[in-house]
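Shown next: work-v6.txt, containing compact mmCIF, C-alpha atoms.
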# COMPACT_ATOMS: atom_id res chain seq x y z
CA MET A 14 -50.20 91.27 -67.42
CA PRO A 15 -51.84 93.31 -70.21
CA ALA A 16 -54.03 96.19 -69.11
CA SER A 17 -57.17 94.59 -70.58
CA ALA A 18 -56.50 91.31 -68.75
CA ALA A 19 -55.79 93.19 -65.52
CA GLY A 20 -59.06 95.09 -65.78
CA PHE A 21 -60.97 91.90 -66.55
CA CYS A 22 -59.44 90.14 -63.54
CA PHE A 23 -60.24 93.08 -61.28
CA ARG A 24 -63.88 93.03 -62.38
CA LEU A 25 -63.98 89.26 -61.92
CA VAL A 26 -62.61 89.51 -58.37
CA ARG A 27 -65.09 92.29 -57.55
CA ARG A 28 -67.95 90.20 -58.94
CA GLN A 29 -66.99 87.17 -56.86
CA LEU A 30 -66.66 89.31 -53.74
CA VAL A 31 -70.09 90.86 -54.29
CA LEU A 32 -71.64 87.42 -54.81
CA GLY A 33 -69.91 86.14 -51.69
CA LEU A 34 -71.11 89.07 -49.59
CA ARG A 35 -74.65 88.44 -50.78
CA ARG A 36 -74.45 84.97 -49.19
CA PRO A 37 -73.48 85.84 -45.60
CA VAL A 38 -74.30 82.33 -44.38
CA GLU A 39 -71.73 80.74 -46.70
CA LEU A 40 -69.28 83.52 -45.88
CA GLY A 41 -69.58 82.91 -42.16
CA ASN A 42 -69.44 79.10 -42.33
CA PRO A 43 -65.61 78.83 -42.19
CA LEU A 44 -65.40 81.23 -39.24
CA LEU A 45 -68.27 79.49 -37.46
CA PHE A 46 -66.67 76.09 -38.02
CA PHE A 47 -63.34 77.46 -36.77
CA ALA A 48 -64.95 78.86 -33.63
CA MET A 49 -66.96 75.71 -32.90
CA VAL A 50 -64.01 73.34 -33.19
CA VAL A 51 -61.72 75.59 -31.15
CA ALA A 52 -64.40 75.78 -28.46
CA LEU A 53 -64.78 71.97 -28.42
CA PHE A 54 -61.09 71.11 -28.10
CA PRO A 55 -60.85 72.15 -24.41
CA LEU A 56 -63.68 69.70 -23.67
CA GLY A 57 -61.70 66.86 -25.20
CA LEU A 58 -58.21 67.74 -24.02
CA GLY A 59 -59.16 69.26 -20.68
CA PRO A 60 -59.19 72.89 -19.62
CA ALA A 61 -55.57 72.95 -18.37
CA PRO A 62 -53.96 76.06 -19.94
CA ASP A 63 -50.55 74.43 -20.37
CA THR A 64 -52.02 71.45 -22.23
CA LEU A 65 -54.07 73.64 -24.54
CA ALA A 66 -51.11 75.95 -25.24
CA ASP A 67 -48.93 72.98 -26.21
CA PHE A 68 -51.47 71.72 -28.73
CA ALA A 69 -52.66 75.14 -29.90
CA PRO A 70 -50.40 75.49 -33.01
CA GLY A 71 -51.49 72.14 -34.42
CA ILE A 72 -55.13 72.63 -33.45
CA LEU A 73 -55.42 76.04 -35.07
CA TRP A 74 -53.74 74.95 -38.26
CA ILE A 75 -55.76 71.75 -38.61
CA VAL A 76 -58.99 73.67 -38.13
CA ALA A 77 -57.89 76.30 -40.68
CA LEU A 78 -57.10 73.53 -43.18
CA LEU A 79 -60.49 71.88 -42.69
CA SER A 80 -62.28 75.23 -42.93
CA ASN A 81 -60.62 75.87 -46.27
CA LEU A 82 -61.45 72.35 -47.44
CA LEU A 83 -65.15 72.92 -46.70
CA THR A 84 -65.38 75.74 -49.23
CA SER A 85 -63.03 74.51 -51.96
CA ASP A 86 -65.63 72.55 -53.90
CA ALA A 87 -67.87 75.62 -54.21
CA VAL A 88 -65.34 77.95 -55.88
CA PHE A 89 -66.66 77.33 -59.41
CA ARG A 90 -69.91 75.44 -58.77
CA SER A 91 -72.35 78.37 -58.82
CA ASP A 92 -70.85 79.70 -62.05
CA LEU A 93 -71.22 76.29 -63.68
CA GLU A 94 -74.87 76.14 -62.67
CA ASP A 95 -75.76 79.55 -64.13
CA GLY A 96 -73.64 79.15 -67.29
CA SER A 97 -71.07 81.83 -66.38
CA LEU A 98 -68.25 79.31 -66.38
CA GLU A 99 -68.79 78.36 -70.00
CA GLN A 100 -68.74 82.04 -70.95
CA LEU A 101 -65.50 82.44 -69.00
CA LEU A 102 -63.89 79.64 -70.99
CA LEU A 103 -64.91 81.37 -74.22
CA ALA A 104 -63.61 84.79 -73.14
CA PRO A 105 -60.58 86.17 -75.04
CA GLN A 106 -58.66 86.78 -71.81
CA PRO A 107 -56.21 84.07 -70.70
CA LEU A 108 -57.89 81.55 -68.43
CA TYR A 109 -54.77 81.60 -66.23
CA PHE A 110 -55.60 85.09 -64.95
CA SER A 111 -59.29 84.28 -64.59
CA ALA A 112 -58.48 81.24 -62.46
CA LEU A 113 -56.13 83.38 -60.37
CA ALA A 114 -58.92 85.94 -59.88
CA TYR A 115 -61.32 83.26 -58.63
CA VAL A 116 -58.75 81.96 -56.17
CA LEU A 117 -57.93 85.47 -54.96
CA ALA A 118 -61.60 86.15 -54.28
CA HIS A 119 -61.92 82.82 -52.45
CA TRP A 120 -58.90 83.65 -50.28
CA LEU A 121 -60.22 87.12 -49.47
CA LEU A 122 -63.52 85.62 -48.32
CA THR A 123 -62.03 82.74 -46.32
CA GLY A 124 -58.28 82.72 -45.66
CA LEU A 125 -57.92 86.44 -45.01
CA LEU A 126 -60.79 86.40 -42.53
CA LEU A 127 -59.35 83.35 -40.74
CA GLY A 128 -55.93 84.97 -40.54
CA LEU A 129 -57.35 88.19 -39.12
CA ALA A 130 -59.55 86.35 -36.61
CA SER A 131 -56.86 83.86 -35.55
CA PRO A 132 -55.52 85.96 -32.61
CA VAL A 133 -58.92 85.70 -30.92
CA PHE A 134 -59.01 81.92 -31.32
CA ALA A 135 -55.38 81.67 -30.24
CA LEU A 136 -56.15 83.47 -26.99
CA MET A 137 -59.08 81.09 -26.43
CA LEU A 138 -56.57 78.22 -26.44
CA GLY A 139 -54.08 80.03 -24.23
CA LEU A 140 -51.42 80.51 -26.90
CA ALA A 141 -48.63 82.82 -25.76
CA PRO A 142 -49.00 86.35 -27.18
CA THR A 143 -45.43 86.18 -28.53
CA ALA A 144 -46.50 83.44 -30.97
CA ILE A 145 -49.61 85.20 -32.26
CA PRO A 146 -47.83 87.28 -34.97
CA ALA A 147 -46.23 84.10 -36.35
CA LEU A 148 -49.63 82.40 -36.30
CA ALA A 149 -51.39 85.21 -38.15
CA LEU A 150 -48.64 85.58 -40.77
CA SER A 151 -48.34 81.83 -41.33
CA LEU A 152 -52.11 81.57 -41.78
CA LEU A 153 -52.18 84.45 -44.26
CA LEU A 154 -49.46 82.82 -46.34
CA GLY A 155 -50.61 79.24 -45.85
CA THR A 156 -54.29 79.77 -46.54
CA ALA A 157 -53.39 81.43 -49.84
CA VAL A 158 -51.55 78.23 -50.81
CA LEU A 159 -54.50 76.16 -49.61
CA SER A 160 -56.89 78.23 -51.75
CA LEU A 161 -54.74 77.71 -54.82
CA ILE A 162 -54.50 73.95 -54.24
CA GLY A 163 -58.19 73.78 -53.36
CA GLY A 164 -58.98 75.57 -56.60
CA ILE A 165 -57.39 72.70 -58.52
CA GLY A 166 -59.61 70.20 -56.75
CA GLY A 167 -62.64 72.42 -57.23
CA ALA A 168 -61.95 72.69 -60.96
CA LEU A 169 -61.57 68.92 -61.37
CA THR A 170 -64.77 68.10 -59.47
CA VAL A 171 -66.97 71.04 -60.46
CA GLY A 172 -69.05 68.89 -62.82
CA LEU A 173 -69.73 66.19 -60.23
CA LYS A 174 -72.88 66.27 -58.11
CA ARG A 175 -71.14 64.86 -55.04
CA GLY A 176 -67.56 65.97 -55.37
CA GLY A 177 -66.96 66.83 -51.71
CA MET A 178 -65.41 63.51 -50.73
CA LEU A 179 -63.47 63.22 -53.98
CA ILE A 180 -61.95 66.67 -53.62
CA SER A 181 -60.79 65.74 -50.13
CA LEU A 182 -59.01 62.66 -51.45
CA LEU A 183 -57.46 64.62 -54.30
CA ILE A 184 -56.03 67.63 -52.52
CA LEU A 185 -55.61 66.63 -48.88
CA PRO A 186 -52.14 65.09 -49.45
CA PHE A 187 -50.97 68.37 -51.02
CA TYR A 188 -52.18 70.26 -47.95
CA MET A 189 -49.80 68.38 -45.66
CA PRO A 190 -46.60 70.43 -46.35
CA VAL A 191 -48.51 73.65 -45.66
CA LEU A 192 -49.85 72.21 -42.42
CA ILE A 193 -46.41 71.02 -41.32
CA PHE A 194 -44.54 74.26 -42.00
CA GLY A 195 -47.38 76.48 -40.79
CA SER A 196 -47.71 74.77 -37.43
CA SER A 197 -43.90 74.54 -37.15
CA ALA A 198 -43.63 78.30 -37.56
CA VAL A 199 -46.02 78.85 -34.66
CA GLN A 200 -44.31 76.19 -32.55
CA ALA A 201 -40.91 77.78 -33.19
CA ALA A 202 -42.19 81.18 -32.07
CA LEU A 203 -43.75 79.54 -29.03
CA ASN A 204 -40.38 78.01 -28.09
CA GLY A 205 -38.52 81.28 -28.57
CA ASN A 206 -36.91 80.25 -31.85
CA PRO A 207 -37.08 82.25 -35.10
CA ALA A 208 -40.11 81.47 -37.23
CA GLY A 209 -38.58 83.14 -40.29
CA PRO A 210 -37.29 79.97 -42.00
CA TYR A 211 -40.70 78.30 -41.88
CA LEU A 212 -42.43 81.46 -43.09
CA ALA A 213 -39.91 81.69 -45.92
CA ILE A 214 -40.78 78.14 -46.97
CA LEU A 215 -44.48 79.03 -46.93
CA GLY A 216 -43.68 82.06 -49.07
CA ALA A 217 -41.79 79.86 -51.52
CA LEU A 218 -44.73 77.44 -51.65
CA LEU A 219 -47.01 80.38 -52.36
CA CYS A 220 -44.82 81.59 -55.24
CA ILE A 221 -44.71 78.12 -56.78
CA SER A 222 -48.47 77.74 -56.36
CA ILE A 223 -49.19 81.10 -57.99
CA ALA A 224 -47.06 80.07 -60.95
CA LEU A 225 -48.44 76.55 -61.45
CA ALA A 226 -51.86 76.19 -59.80
CA PRO A 227 -53.78 78.49 -62.19
CA LEU A 228 -52.49 76.41 -65.12
CA ALA A 229 -53.80 73.24 -63.48
CA ILE A 230 -57.09 74.98 -62.62
CA ALA A 231 -57.54 76.10 -66.22
CA ALA A 232 -56.90 72.59 -67.51
CA GLY A 233 -59.25 71.11 -64.92
CA LEU A 234 -62.04 73.52 -65.86
CA ARG A 235 -61.72 72.69 -69.53
CA ILE A 236 -61.85 68.96 -68.78
CA SER A 237 -64.83 69.29 -66.42
CA VAL A 238 -66.88 71.50 -68.73
CA ASP A 239 -66.13 69.47 -71.85
CA THR A 240 -67.23 66.27 -70.16

Would you put the structure from the file into structure tokens?
Amino acid sequence: MPASAAGFCFRLVRRQLVLGLRRPVELGNPLLFFAMVVALFPLGLGPAPDTLADFAPGILWIVALLSNLLTSDAVFRSDLEDGSLEQLLLAPQPLYFSALAYVLAHWLLTGLLLGLASPVFALMLGLAPTAIPALALSLLLGTAVLSLIGGIGGALTVGLKRGGMLISLLILPFYMPVLIFGSSAVQAALNGNPAGPYLAILGALLCISIALAPLAIAAGLRISVDT
């Protein structure tokens, strides 16, 4: 990456982080949703620790996926409303790196926080402490992939007034591999098996997403703004 593009991306990430921190309600929504759903599951499944521990990997990963989905349609929306997005498309820097900067900021404000807070929620569901490192690492890797995929949906629906349902239909099928391998990593650690193969697959998905998703995001932004 050229030095000018790197500096531009750094400033763009810092700008998005500052804007996100100025909206603490939106910043806390994914964590609040995560906490509420995790607190409700024992009421539906029963308070038996063994039952909750068995379902904990799938529960935590499903809630993380839905939390990410809630914020995906807002990645570019505020910039479209204030005209910043059009200026971004006209900037001399490659749109690939700009899209990557937006996704990185989104992950720092959502996925990173969920990954760091996941041990607390895991203990609420009675997950064995031996599986918590696999859970946290799988969420850190997996939510980065989810942010990249969600960015594609956000770019395609940014010009629509009610794009929330459409973005769910567009990107939810692509979330499924991340959900499967992420929960499998936690389940493997819970059963005493190595979680490394599943984490390696998540890492490979992340590398592929970093290479391809910003290209799709850039194309989606151009289509949405032009129309």

Using atom CA of A:Gly166 and atom CA of A:Leu122 as the two end points, give the distance in Å to one decimal.
->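 Going from atom CA of A:Gly166 over to atom CA of A:Leu122 covers 18.0 Å.
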
Distance of atom CA of A:Phe46 from atom CA of A:Val76, expressed in Å to one decimal place | 8.1 Å

Which distance in Å separates atom CA of A:Pro107 and atom CA of A:Asp95, to one decimal?
->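 Straight-line distance from atom CA of A:Pro107 to atom CA of A:Asp95 works out to 21.1 Å.
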
Show which residues sit within 12 Å of A:Thr143, as a ChimeraX atom specification. Count all atoms listed in the file, and ignore same-chain residues fewer than 5 positions away.
-> /A:132,135-136,148-149,199-208

Using C-alpha atoms, can you export the residues from the last selection as a PDB file, in the frame of the given file?
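Once written, out-v4.pdb looks like this:
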ATOM      1  CA  PRO A 132     -55.520  85.960 -32.610  1.00  0.00           C
ATOM      2  CA  ALA A 135     -55.380  81.670 -30.240  1.00  0.00           C
ATOM      3  CA  LEU A 136     -56.150  83.470 -26.990  1.00  0.00           C
ATOM      4  CA  LEU A 148     -49.630  82.400 -36.300  1.00  0.00           C
ATOM      5  CA  ALA A 149     -51.390  85.210 -38.150  1.00  0.00           C
ATOM      6  CA  VAL A 199     -46.020  78.850 -34.660  1.00  0.00           C
ATOM      7  CA  GLN A 200     -44.310  76.190 -32.550  1.00  0.00           C
ATOM      8  CA  ALA A 201     -40.910  77.780 -33.190  1.00  0.00           C
ATOM      9  CA  ALA A 202     -42.190  81.180 -32.070  1.00  0.00           C
ATOM     10  CA  LEU A 203     -43.750  79.540 -29.030  1.00  0.00           C
ATOM     11  CA  ASN A 204     -40.380  78.010 -28.090  1.00  0.00           C
ATOM     12  CA  GLY A 205     -38.520  81.280 -28.570  1.00  0.00           C
ATOM     13  CA  ASN A 206     -36.910  80.250 -31.850  1.00  0.00           C
ATOM     14  CA  PRO A 207     -37.080  82.250 -35.100  1.00  0.00           C
ATOM     15  CA  ALA A 208     -40.110  81.470 -37.230  1.00  0.00           C
TER      16      ALA A 208
END

Find the spatial neighbours of stretch 152-161 of chain A, counting all atoms listed in the file, within a cut-off of 7 Å - ignore same-chain residues fewer than 3 positions away - and output them as a VMD selection string.
-> chain A and resid 81 116 119 to 120 124 to 125 128 148 to 149 164 to 165 188 191 195 215 to 216 218 to 219 222 226

Take stretch 118-131 of chain A, model N, CA, C and O atoms, and hand the result over as a compact mmCIF listing (two decimals), in the frame of the given file.
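File produced: result_34.txt:
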# COMPACT_ATOMS: atom_id res chain seq x y z
N ALA A 118 -60.33 85.83 -54.92
CA ALA A 118 -61.60 86.15 -54.28
C ALA A 118 -61.93 85.13 -53.19
O ALA A 118 -62.41 85.50 -52.10
N HIS A 119 -61.67 83.86 -53.45
CA HIS A 119 -61.92 82.82 -52.45
C HIS A 119 -61.05 83.05 -51.22
O HIS A 119 -61.53 82.91 -50.08
N TRP A 120 -59.79 83.41 -51.42
CA TRP A 120 -58.90 83.65 -50.28
C TRP A 120 -59.35 84.88 -49.48
O TRP A 120 -59.32 84.87 -48.25
N LEU A 121 -59.77 85.92 -50.17
CA LEU A 121 -60.22 87.12 -49.47
C LEU A 121 -61.45 86.85 -48.60
O LEU A 121 -61.62 87.46 -47.54
N LEU A 122 -62.29 85.92 -49.05
CA LEU A 122 -63.52 85.62 -48.32
C LEU A 122 -63.34 84.56 -47.24
O LEU A 122 -64.21 84.40 -46.39
N THR A 123 -62.23 83.82 -47.29
CA THR A 123 -62.03 82.74 -46.32
C THR A 123 -60.70 82.89 -45.59
O THR A 123 -60.67 83.13 -44.38
N GLY A 124 -59.60 82.73 -46.30
CA GLY A 124 -58.28 82.72 -45.66
C GLY A 124 -57.93 84.02 -44.98
O GLY A 124 -57.38 84.02 -43.87
N LEU A 125 -58.23 85.14 -45.62
CA LEU A 125 -57.92 86.44 -45.01
C LEU A 125 -58.70 86.63 -43.72
O LEU A 125 -58.15 87.09 -42.70
N LEU A 126 -59.97 86.25 -43.73
CA LEU A 126 -60.79 86.40 -42.53
C LEU A 126 -60.28 85.49 -41.40
O LEU A 126 -60.23 85.89 -40.24
N LEU A 127 -59.88 84.26 -41.75
CA LEU A 127 -59.35 83.35 -40.74
C LEU A 127 -58.05 83.89 -40.15
O LEU A 127 -57.81 83.80 -38.95
N GLY A 128 -57.19 84.42 -41.02
CA GLY A 128 -55.93 84.97 -40.54
C GLY A 128 -56.13 86.16 -39.61
O GLY A 128 -55.45 86.29 -38.60
N LEU A 129 -57.09 87.02 -39.95
CA LEU A 129 -57.35 88.19 -39.12
C LEU A 129 -58.03 87.82 -37.80
O LEU A 129 -57.82 88.49 -36.78
N ALA A 130 -58.85 86.76 -37.82
CA ALA A 130 -59.55 86.35 -36.61
C ALA A 130 -58.74 85.39 -35.75
O ALA A 130 -59.13 85.11 -34.61
N SER A 131 -57.63 84.89 -36.26
CA SER A 131 -56.86 83.86 -35.55
C SER A 131 -56.34 84.31 -34.18
O SER A 131 -56.28 83.48 -33.27
